[in-house]
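S.K.: Pasting coords_26.txt here (compact mmCIF, C-alpha atoms):
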```txt
# COMPACT_ATOMS: atom_id res chain seq x y z
CA MET D 1 -11.93 11.91 -16.14
CA LYS D 2 -9.37 14.33 -14.71
CA SER D 3 -9.79 16.80 -17.58
CA PHE D 4 -13.57 16.64 -17.22
CA ILE D 5 -13.35 17.51 -13.53
CA THR D 6 -11.15 20.49 -14.39
CA VAL D 7 -13.72 21.74 -16.89
CA SER D 8 -16.49 21.40 -14.29
CA ILE D 9 -14.54 23.59 -11.88
CA LEU D 10 -14.12 26.26 -14.55
CA LEU D 11 -17.83 26.14 -15.34
CA ALA D 12 -18.78 26.56 -11.70
CA SER D 13 -16.38 29.44 -11.12
CA VAL D 14 -18.05 31.88 -13.52
CA SER D 15 -21.65 30.69 -13.67
CA SER D 16 -24.07 33.53 -13.03
CA PHE D 17 -27.74 32.93 -12.38
CA ALA D 18 -28.72 36.52 -12.12
CA GLN D 19 -32.05 38.27 -12.02
CA SER D 20 -34.35 40.67 -13.83
CA PHE D 21 -35.37 41.94 -10.40
CA LEU D 22 -33.84 43.46 -7.26
CA VAL D 23 -34.92 42.87 -3.69
CA LEU D 24 -33.88 45.79 -1.51
CA GLN D 25 -33.05 45.68 2.19
CA SER D 26 -36.49 47.19 2.88
CA GLY D 27 -38.25 44.39 0.99
CA VAL D 28 -39.12 46.59 -1.99
CA THR D 29 -38.86 44.47 -5.12
CA LEU D 30 -38.01 46.18 -8.41
CA THR D 31 -38.25 44.54 -11.82
CA THR D 32 -36.79 45.22 -15.27
CA ASP D 33 -38.23 44.60 -18.71
CA LYS D 34 -36.53 43.55 -21.92
CA LYS D 35 -36.31 47.18 -23.06
CA GLY D 36 -34.17 47.93 -20.03
CA PHE D 37 -36.65 49.97 -17.98
CA VAL D 38 -36.82 49.59 -14.20
CA TYR D 39 -40.18 49.39 -12.38
CA ASP D 40 -41.54 49.59 -8.84
CA PHE D 41 -44.97 47.95 -8.95
CA GLY D 42 -45.37 47.85 -5.18
CA HIS D 43 -44.09 44.31 -4.61
CA PHE D 44 -42.49 43.37 -1.29
CA HIS D 45 -40.46 40.22 -0.58
CA LEU D 46 -38.23 39.30 2.33
CA HIS D 47 -34.83 38.59 0.84
CA TYR D 48 -33.88 36.09 3.54
CA LYS D 49 -36.86 33.91 2.61
CA VAL D 50 -35.83 33.69 -1.02
CA THR D 51 -33.93 30.43 -1.48
CA THR D 52 -33.42 30.25 -5.26
CA THR D 53 -33.15 32.88 -7.98
CA GLY D 54 -33.02 32.65 -11.75
CA GLY D 55 -33.23 35.31 -14.43
CA ASN D 56 -37.01 35.65 -14.69
CA TYR D 57 -38.08 33.80 -11.54
CA PHE D 58 -37.36 33.20 -7.88
CA ILE D 59 -38.50 30.80 -5.16
CA GLU D 60 -39.68 32.11 -1.80
CA ASP D 61 -40.94 29.67 0.87
CA LYS D 62 -40.89 26.98 -1.84
CA LYS D 63 -43.36 29.03 -3.95
CA LEU D 64 -42.54 30.22 -7.46
CA SER D 65 -42.73 33.81 -8.70
CA THR D 66 -42.00 34.79 -12.31
CA ILE D 67 -41.27 38.03 -14.17
CA ASN D 68 -42.37 38.51 -17.77
CA GLU D 69 -40.66 40.46 -20.56
CA ASN D 70 -42.63 43.60 -19.63
CA GLY D 71 -41.40 43.57 -16.04
CA PHE D 72 -44.64 42.31 -14.45
CA LEU D 73 -44.23 39.95 -11.50
CA PHE D 74 -46.57 36.99 -10.98
CA GLU D 75 -46.79 34.97 -7.78
CA LYS D 76 -47.67 31.30 -8.31
CA PRO D 77 -48.59 29.88 -4.87
CA ASN D 78 -49.71 26.57 -6.37
CA THR D 79 -46.29 25.88 -7.92
CA LYS D 80 -44.10 24.62 -5.10
CA ILE D 81 -40.48 23.60 -5.51
CA ASP D 82 -38.70 21.90 -2.65
CA LYS D 83 -35.23 21.30 -4.07
CA VAL D 84 -33.27 22.67 -7.03
CA LYS D 85 -30.53 20.63 -8.71
CA GLY D 86 -29.51 23.22 -11.30
CA LYS D 87 -30.77 26.48 -12.73
CA GLY D 88 -30.39 29.09 -15.44
CA LEU D 89 -31.98 32.37 -16.43
CA ASN D 90 -35.26 30.83 -17.65
CA TYR D 91 -35.31 27.30 -16.29
CA LEU D 92 -34.44 25.02 -13.39
CA ILE D 93 -34.12 21.29 -12.78
CA ASP D 94 -35.71 20.22 -9.51
CA GLY D 95 -34.90 17.44 -7.08
CA ASP D 96 -37.14 15.02 -8.99
CA ASN D 97 -35.14 15.69 -12.17
CA HIS D 98 -38.02 17.54 -13.77
CA LEU D 99 -37.33 20.56 -15.99
CA LEU D 100 -39.30 23.71 -15.15
CA ALA D 101 -39.08 26.27 -17.95
CA ILE D 102 -40.41 29.85 -17.71
CA ASP D 103 -41.39 31.60 -20.94
CA ASN D 104 -41.17 35.28 -21.83
CA LEU D 105 -44.77 35.86 -20.69
CA GLY D 106 -44.11 34.50 -17.22
CA PHE D 107 -45.83 31.13 -17.70
CA SER D 108 -44.10 28.02 -16.35
CA TYR D 109 -43.99 24.55 -17.91
CA GLU D 110 -42.96 21.34 -16.18
CA TYR D 111 -41.37 18.50 -18.17
CA ASP D 112 -41.09 15.11 -16.48
CA LYS D 113 -40.89 12.64 -19.39
CA ASP D 114 -37.15 13.10 -19.97
CA ASP D 115 -36.06 12.83 -16.35
CA LYS D 116 -33.28 10.45 -17.42
CA ILE D 117 -31.80 13.30 -19.47
CA PHE D 118 -32.22 15.95 -16.78
CA ARG D 119 -30.67 13.65 -14.19
CA LYS D 120 -27.48 13.66 -16.24
CA ALA D 121 -27.18 17.47 -16.44
CA ILE D 122 -23.68 18.55 -15.39
CA ALA D 123 -23.49 22.31 -16.08
CA PHE D 124 -26.02 25.12 -16.37
CA GLY D 125 -25.85 28.27 -18.50
CA GLY D 126 -28.39 31.03 -18.91
CA ASN D 127 -30.68 29.45 -21.50
CA TYR D 128 -28.90 26.14 -22.02
CA PHE D 129 -27.45 23.23 -20.07
CA LEU D 130 -24.97 20.42 -20.66
CA VAL D 131 -25.73 16.72 -20.25
CA LYS D 132 -23.31 13.79 -19.91
CA PRO D 133 -25.51 10.82 -20.94
CA ASP D 134 -23.01 8.10 -20.09
CA ASP D 135 -20.53 8.38 -17.22
CA ARG D 136 -18.27 5.87 -18.93
CA LYS D 137 -17.93 7.93 -22.11
CA PRO D 138 -16.59 11.47 -22.69
CA THR D 139 -19.61 12.55 -24.75
CA VAL D 140 -21.38 15.75 -23.65
CA GLU D 141 -24.63 17.04 -25.17
CA LEU D 142 -25.97 20.58 -25.42
CA TYR D 143 -29.62 21.48 -24.75
CA THR D 144 -31.11 24.95 -25.13
CA VAL D 145 -34.28 26.42 -23.58
CA ASN D 146 -36.03 29.04 -25.72
CA GLN D 147 -38.23 32.00 -24.77
CA LYS D 148 -41.39 29.93 -25.31
CA GLY D 149 -40.37 27.43 -22.65
CA ASN D 150 -39.37 24.67 -25.08
CA TYR D 151 -36.10 22.74 -24.89
CA PHE D 152 -34.09 21.07 -27.65
CA LYS D 153 -30.95 19.02 -28.05
CA MET D 154 -28.61 20.99 -30.31
CA VAL D 155 -25.92 19.58 -32.59
CA ILE D 156 -23.71 22.42 -33.86
CA PRO D 157 -21.19 21.71 -36.63
CA GLY D 158 -17.67 22.24 -35.33
CA LEU D 159 -18.72 22.38 -31.66
CA ASN D 160 -17.90 19.63 -29.21
CA PRO D 161 -19.88 20.51 -26.03
CA ALA D 162 -17.24 18.69 -23.96
CA GLU D 163 -14.89 21.55 -24.92
CA ILE D 164 -17.09 24.21 -23.27
CA THR D 165 -15.17 25.69 -20.36
CA VAL D 166 -17.19 28.81 -19.53
CA ALA D 167 -20.97 28.55 -19.17
CA ALA D 168 -22.73 31.68 -17.94
CA GLY D 169 -25.60 33.72 -19.43
CA THR D 170 -26.81 33.60 -23.04
CA TYR D 171 -23.27 32.78 -24.20
CA PHE D 172 -20.43 30.36 -23.56
CA GLN D 173 -16.75 29.89 -24.39
CA THR D 174 -14.74 26.84 -25.43
CA ARG D 175 -11.29 25.64 -24.48
CA ALA D 176 -10.00 27.08 -27.78
CA GLY D 177 -11.19 30.54 -26.72
CA LEU D 178 -14.12 30.74 -29.17
CA THR D 179 -17.25 32.53 -27.98
CA TYR D 180 -20.78 31.33 -28.84
CA THR D 181 -24.12 33.03 -28.22
CA VAL D 182 -27.57 31.50 -27.69
CA SER D 183 -30.54 33.43 -29.08
CA LYS D 184 -34.03 33.81 -27.57
CA ASP D 185 -35.17 31.01 -29.89
CA GLY D 186 -32.48 28.66 -28.63
CA PHE D 187 -30.25 28.84 -31.71
CA VAL D 188 -26.48 28.75 -31.18
CA PHE D 189 -24.04 30.96 -33.08
CA ALA D 190 -20.23 30.89 -33.18
CA LYS D 191 -18.50 34.29 -33.11
CA PRO D 192 -15.01 33.71 -34.55
CA GLU D 193 -15.00 37.22 -36.05
CA VAL D 194 -15.25 38.90 -32.62
CA ARG D 195 -12.07 39.10 -30.53
CA VAL D 196 -13.05 38.42 -26.94
CA GLY D 197 -11.00 37.82 -23.80
CA SER D 198 -12.05 35.22 -21.28
CA VAL D 199 -15.20 35.95 -19.27
CA ALA D 200 -14.23 37.68 -16.01
CA LYS D 201 -17.62 38.95 -14.75
CA ALA D 202 -20.85 37.42 -16.00
CA GLY D 203 -24.31 38.91 -16.40
CA GLY D 204 -27.30 37.45 -18.19
CA ASN D 205 -27.04 39.10 -21.61
CA PHE D 206 -23.64 40.74 -21.11
CA PHE D 207 -20.21 40.11 -19.63
CA VAL D 208 -16.92 41.81 -18.84
CA ASP D 209 -13.90 40.04 -20.31
CA SER D 210 -10.31 39.73 -19.13
CA ASN D 211 -9.44 42.86 -21.12
CA ASN D 212 -11.98 44.84 -19.05
CA LEU D 213 -14.23 45.23 -22.09
CA LEU D 214 -18.01 45.08 -21.72
CA HIS D 215 -19.76 42.89 -24.30
CA THR D 216 -23.51 42.48 -24.80
CA VAL D 217 -25.62 39.76 -26.43
CA SER D 218 -28.88 40.65 -28.17
CA GLU D 219 -31.99 38.48 -28.25
CA GLU D 220 -30.99 37.47 -31.78
CA GLY D 221 -27.59 36.29 -30.59
CA ILE D 222 -25.55 39.27 -31.82
CA LEU D 223 -22.36 39.81 -29.81
CA ALA D 224 -21.30 43.46 -29.66
CA LEU D 225 -19.13 46.07 -27.98
CA PRO D 226 -21.82 48.71 -27.31
CA VAL D 227 -21.49 52.44 -26.78
CA LEU D 228 -21.28 52.99 -23.02
CA PRO D 229 -23.29 55.61 -21.11
CA VAL D 230 -21.16 58.55 -20.01
CA ASN D 231 -21.26 57.57 -16.31
CA LEU D 232 -20.49 53.89 -16.81
CA ARG D 233 -17.03 52.85 -15.65
CA VAL D 234 -16.47 49.15 -16.21
CA ALA D 235 -14.01 48.89 -13.32
CA GLY D 236 -16.61 50.39 -10.97
CA LEU D 237 -19.33 47.83 -11.66
CA GLN D 238 -20.07 45.71 -8.60
CA ARG D 239 -23.34 43.82 -9.06
CA PHE D 240 -24.67 42.05 -12.11
CA GLY D 241 -28.19 40.91 -13.02
CA ALA D 242 -29.97 39.31 -15.94
CA ASN D 243 -29.98 42.58 -17.90
CA PHE D 244 -28.59 45.17 -15.51
CA MET D 245 -25.49 46.14 -13.55
CA ILE D 246 -24.99 48.42 -10.54
CA ASP D 247 -21.87 50.41 -9.72
CA ALA D 248 -20.40 51.50 -6.39
CA GLU D 249 -22.41 54.75 -6.45
CA GLY D 250 -25.71 52.87 -6.79
CA ARG D 251 -26.20 53.82 -10.44
CA ILE D 252 -28.02 51.19 -12.48
CA PHE D 253 -27.28 50.45 -16.13
CA THR D 254 -29.52 48.15 -18.15
CA VAL D 255 -29.04 46.16 -21.37
CA ASP D 256 -32.04 46.03 -23.70
CA GLN D 257 -33.04 43.25 -26.11
CA THR D 258 -30.90 44.72 -28.89
CA GLY D 259 -27.74 44.84 -26.74
CA LYS D 260 -27.76 48.61 -26.14
CA ILE D 261 -26.87 49.93 -22.67
CA PHE D 262 -28.75 52.70 -20.84
CA GLU D 263 -28.36 54.43 -17.50
CA ARG D 264 -31.68 54.34 -15.63
CA SER D 265 -32.85 56.29 -12.58
CA SER D 266 -34.53 55.06 -9.42
CA THR D 267 -35.97 56.73 -6.34
CA HIS D 268 -34.50 53.91 -4.23
CA ASP D 269 -30.96 53.57 -2.92
CA LEU D 270 -29.74 50.63 -4.98
CA ARG D 271 -26.55 50.28 -2.96
CA GLY D 272 -28.68 48.32 -0.49
CA ALA D 273 -29.96 45.92 -3.11
CA ARG D 274 -30.05 42.26 -2.14
CA ILE D 275 -29.61 40.74 -5.58
CA LEU D 276 -29.46 37.25 -4.18
CA PHE D 277 -26.68 35.80 -6.34
CA ASN D 278 -26.42 32.02 -6.52
CA ARG D 279 -29.21 31.29 -4.05
```
Would you mind writing the file out in structure tokens?
M.R.:
Amino acid sequence: MKSFITVSILLASVSSFAQSFLVLQSGVTLTTDKKGFVYDFGHFHLHYKVTTTGGNYFIEDKKLSTINENGFLFEKPNTKIDKVKGKGLNYLIDGDNHLLAIDNLGFSYEYDKDDKIFRKAIAFGGNYFLVKPDDRKPTVELYTVNQKGNYFKMVIPGLNPAEITVAAGTYFQTRAGLTYTVSKDGFVFAKPEVRVGSVAKAGGNFFVDSNNLLHTVSEEGILALPVLPVNLRVAGLQRFGANFMIDAEGRIFTVDQTGKIFERSSTHDLRGARILFNR
């Protein structure tokens, strides 16, 4: 039990439920698409009314809004969520232990038949979560949520989910230091051939490791050290989203679906962005 509690603390310390949108101080809401472009479609939201954020959704006044892969934002006033138990980039588990999954088109799906499973969820990554089915046993199970809004229990040869110590975006690390990625289809891949330090700063499809190296994860689960834009200084990055990062000068860099990084421009001052981490 003591070792399990330690693992839980490690999981909580680096978890990042970041966004594919930015809410500025003025209320202007920008979105990003999977190609890494940034859009201003004229949306306004009061950041202090937003209570919960995921990667492609947020909750404002208990009402759900979603963002699809093309950067379009959809308000869903009829979908109301009062309490959130856990969340990731494309899903959440509510206070009734129902799973709400958001697909790549911005549609949401509620699952209530497996509430006994969702009640036992103990840690939440970007597109996956961990379940401890029996408190009296050390067994931990891994579930992934794919881009179509489906969820599956995954059994990966050589992986004991109880050994996962870092759960963040579309990737995780084990106690042995091995990094795994989770693809858009919910498949899990070990990356023993890639030398990676421990996750120090977590984004949705990228992270900075303890060696100050910036790694990206493609939709297909490819882990890479990409070519960095000329103005990107890893040490200067301050804010991290689902597929973007902002530095101290307000420059925004985005990660597309293939894992490539681009510097994008905006007419807004992004230094005033309210990115709403961990709400």
S.K.: Enumerate, in order of chain and increasing residue number, the residues of range 52-117 of chain D with an atom no farther than 12 Å from range 199-208 of chain D, each with its shortest atom pair and distance in Å to one decimal, counting only C-alpha atoms, as JSON lines.
M.R.:
```
{"residue": "D:Gly54", "atom": "CA", "partner": "D:Gly204", "partner_atom": "CA", "distance": 9.9}
{"residue": "D:Gly55", "atom": "CA", "partner": "D:Gly204", "partner_atom": "CA", "distance": 7.3}
{"residue": "D:Asn56", "atom": "CA", "partner": "D:Gly204", "partner_atom": "CA", "distance": 10.5}
{"residue": "D:Gly88", "atom": "CA", "partner": "D:Gly204", "partner_atom": "CA", "distance": 9.3}
{"residue": "D:Leu89", "atom": "CA", "partner": "D:Gly204", "partner_atom": "CA", "distance": 7.1}
{"residue": "D:Asn90", "atom": "CA", "partner": "D:Gly204", "partner_atom": "CA", "distance": 10.4}
```
S.K.: What would the file look like if the residues just selected were written as a short mmCIF file (atom, residue, chain, number, x, y, z; two decimals), in the frame of the given file with C-alpha atoms?
M.R.:
```cif
data_model
loop_
_atom_site.label_atom_id
_atom_site.label_comp_id
_atom_site.auth_asym_id
_atom_site.auth_seq_id
_atom_site.Cartn_x
_atom_site.Cartn_y
_atom_site.Cartn_z
CA GLY D 54 -33.02 32.65 -11.75
CA GLY D 55 -33.23 35.31 -14.43
CA ASN D 56 -37.01 35.65 -14.69
CA GLY D 88 -30.39 29.09 -15.44
CA LEU D 89 -31.98 32.37 -16.43
CA ASN D 90 -35.26 30.83 -17.65
#
```
S.K.: Counting only C-alpha atoms, figure out which residue out of D:Phe58, D:Phe118, D:Phe253, D:Tyr128 gets nearest to Lys85 in chain D.
M.R.: D:Phe118
S.K.: Counting all atoms listed in the file, which residue out of D:Ile67, D:Ala168, D:Val234, D:Leu214 sits closest to Gly259 in chain D?
M.R.: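 Result for the nearest residue to Gly259 in chain D: D:Leu214.
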S.K.: Using only C-alpha atoms, which residues sit within 9 Å of Leu228 in chain D once same-chain residues fewer than 6 positions away are excluded, as number ranges by chain?
M.R.: D: 214, 260-262
S.K.: Report the distance between CA of Pro138 in chain D and CA of Val155 in chain D in Å, rounded to one decimal place.
M.R.: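 Taking CA of Pro138 in chain D as the start and CA of Val155 in chain D as the end point, the length is 15.8 Å.
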S.K.: Determine, counting only C-alpha atoms, every residue of protein, DNA or RNA that lies within 9 Å of (-23.4, 33.9, -24.2) in the file coordinates, then give the result as an NGL selection string.
M.R.: :D and (125-127 or 167-173 or 179-183 or 204-207 or 216-217 or 221 or 223)
S.K.: So, counting all atoms listed in the file, which residue among D:Asp82, D:Asp185, D:Glu249, D:Asp256 is closest to Ser218 in chain D?
M.R.: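 Among the listed residues, D:Asp256 lies closest to Ser218 in chain D.
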S.K.: In Å to one decimal, how far is CA of Lys120 in chain D from CA of Lys137 in chain D?
M.R.: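 Distance between the two atoms: 12.6 Å.
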S.K.: Could range 203-220 of chain D be completed with N, CA, C and O atoms and returned as an mmCIF file, in the coordinates of the input?
M.R.:
```cif
data_model
loop_
_atom_site.group_PDB
_atom_site.id
_atom_site.type_symbol
_atom_site.label_atom_id
_atom_site.label_comp_id
_atom_site.auth_asym_id
_atom_site.auth_seq_id
_atom_site.Cartn_x
_atom_site.Cartn_y
_atom_site.Cartn_z
ATOM 1 N N GLY D 203 -22.912 38.542 -16.570
ATOM 2 C CA GLY D 203 -24.310 38.910 -16.400
ATOM 3 C C GLY D 203 -25.156 37.987 -17.253
ATOM 4 O O GLY D 203 -24.660 36.988 -17.789
ATOM 5 N N GLY D 204 -26.427 38.302 -17.401
ATOM 6 C CA GLY D 204 -27.300 37.450 -18.190
ATOM 7 C C GLY D 204 -27.076 37.609 -19.677
ATOM 8 O O GLY D 204 -26.752 36.649 -20.376
ATOM 9 N N ASN D 205 -27.240 38.839 -20.186
ATOM 10 C CA ASN D 205 -27.040 39.100 -21.610
ATOM 11 C C ASN D 205 -25.840 40.016 -21.854
ATOM 12 O O ASN D 205 -25.786 40.747 -22.846
ATOM 13 N N PHE D 206 -24.868 39.947 -20.962
ATOM 14 C CA PHE D 206 -23.640 40.740 -21.110
ATOM 15 C C PHE D 206 -22.561 40.133 -20.235
ATOM 16 O O PHE D 206 -22.827 39.326 -19.338
ATOM 17 N N PHE D 207 -21.321 40.536 -20.480
ATOM 18 C CA PHE D 207 -20.210 40.110 -19.630
ATOM 19 C C PHE D 207 -19.038 41.062 -19.792
ATOM 20 O O PHE D 207 -18.927 41.775 -20.799
ATOM 21 N N VAL D 208 -18.180 41.065 -18.792
ATOM 22 C CA VAL D 208 -16.920 41.810 -18.840
ATOM 23 C C VAL D 208 -15.823 40.787 -19.044
ATOM 24 O O VAL D 208 -15.751 39.784 -18.327
ATOM 25 N N ASP D 209 -14.947 41.025 -20.038
ATOM 26 C CA ASP D 209 -13.900 40.040 -20.310
ATOM 27 C C ASP D 209 -12.597 40.396 -19.594
ATOM 28 O O ASP D 209 -12.514 41.394 -18.870
ATOM 29 N N SER D 210 -11.601 39.561 -19.801
ATOM 30 C CA SER D 210 -10.310 39.730 -19.130
ATOM 31 C C SER D 210 -9.565 40.973 -19.590
ATOM 32 O O SER D 210 -8.578 41.379 -18.957
ATOM 33 N N ASN D 211 -10.014 41.598 -20.656
ATOM 34 C CA ASN D 211 -9.440 42.860 -21.120
ATOM 35 C C ASN D 211 -10.200 44.069 -20.573
ATOM 36 O O ASN D 211 -9.961 45.196 -21.006
ATOM 37 N N ASN D 212 -11.137 43.806 -19.653
ATOM 38 C CA ASN D 212 -11.980 44.840 -19.050
ATOM 39 C C ASN D 212 -12.891 45.510 -20.073
ATOM 40 O O ASN D 212 -13.234 46.683 -19.940
ATOM 41 N N LEU D 213 -13.290 44.752 -21.082
ATOM 42 C CA LEU D 213 -14.230 45.230 -22.090
ATOM 43 C C LEU D 213 -15.607 44.653 -21.812
ATOM 44 O O LEU D 213 -15.742 43.480 -21.465
ATOM 45 N N LEU D 214 -16.627 45.483 -21.977
ATOM 46 C CA LEU D 214 -18.010 45.080 -21.720
ATOM 47 C C LEU D 214 -18.686 44.681 -23.022
ATOM 48 O O LEU D 214 -18.829 45.495 -23.934
ATOM 49 N N HIS D 215 -19.089 43.419 -23.121
ATOM 50 C CA HIS D 215 -19.760 42.890 -24.300
ATOM 51 C C HIS D 215 -21.222 42.614 -23.977
ATOM 52 O O HIS D 215 -21.559 42.230 -22.856
ATOM 53 N N THR D 216 -22.092 42.794 -24.974
ATOM 54 C CA THR D 216 -23.510 42.480 -24.800
ATOM 55 C C THR D 216 -23.952 41.463 -25.847
ATOM 56 O O THR D 216 -23.330 41.321 -26.906
ATOM 57 N N VAL D 217 -25.044 40.756 -25.523
ATOM 58 C CA VAL D 217 -25.620 39.760 -26.430
ATOM 59 C C VAL D 217 -27.082 40.100 -26.648
ATOM 60 O O VAL D 217 -27.856 40.188 -25.681
ATOM 61 N N SER D 218 -27.492 40.314 -27.882
ATOM 62 C CA SER D 218 -28.880 40.650 -28.170
ATOM 63 C C SER D 218 -29.752 39.402 -28.156
ATOM 64 O O SER D 218 -29.260 38.274 -28.104
ATOM 65 N N GLU D 219 -31.059 39.611 -28.200
ATOM 66 C CA GLU D 219 -31.990 38.480 -28.250
ATOM 67 C C GLU D 219 -31.753 37.602 -29.470
ATOM 68 O O GLU D 219 -32.032 36.404 -29.442
ATOM 69 N N GLU D 220 -31.243 38.208 -30.546
ATOM 70 C CA GLU D 220 -30.990 37.470 -31.780
ATOM 71 C C GLU D 220 -29.632 36.783 -31.776
ATOM 72 O O GLU D 220 -29.259 36.135 -32.753
#
```
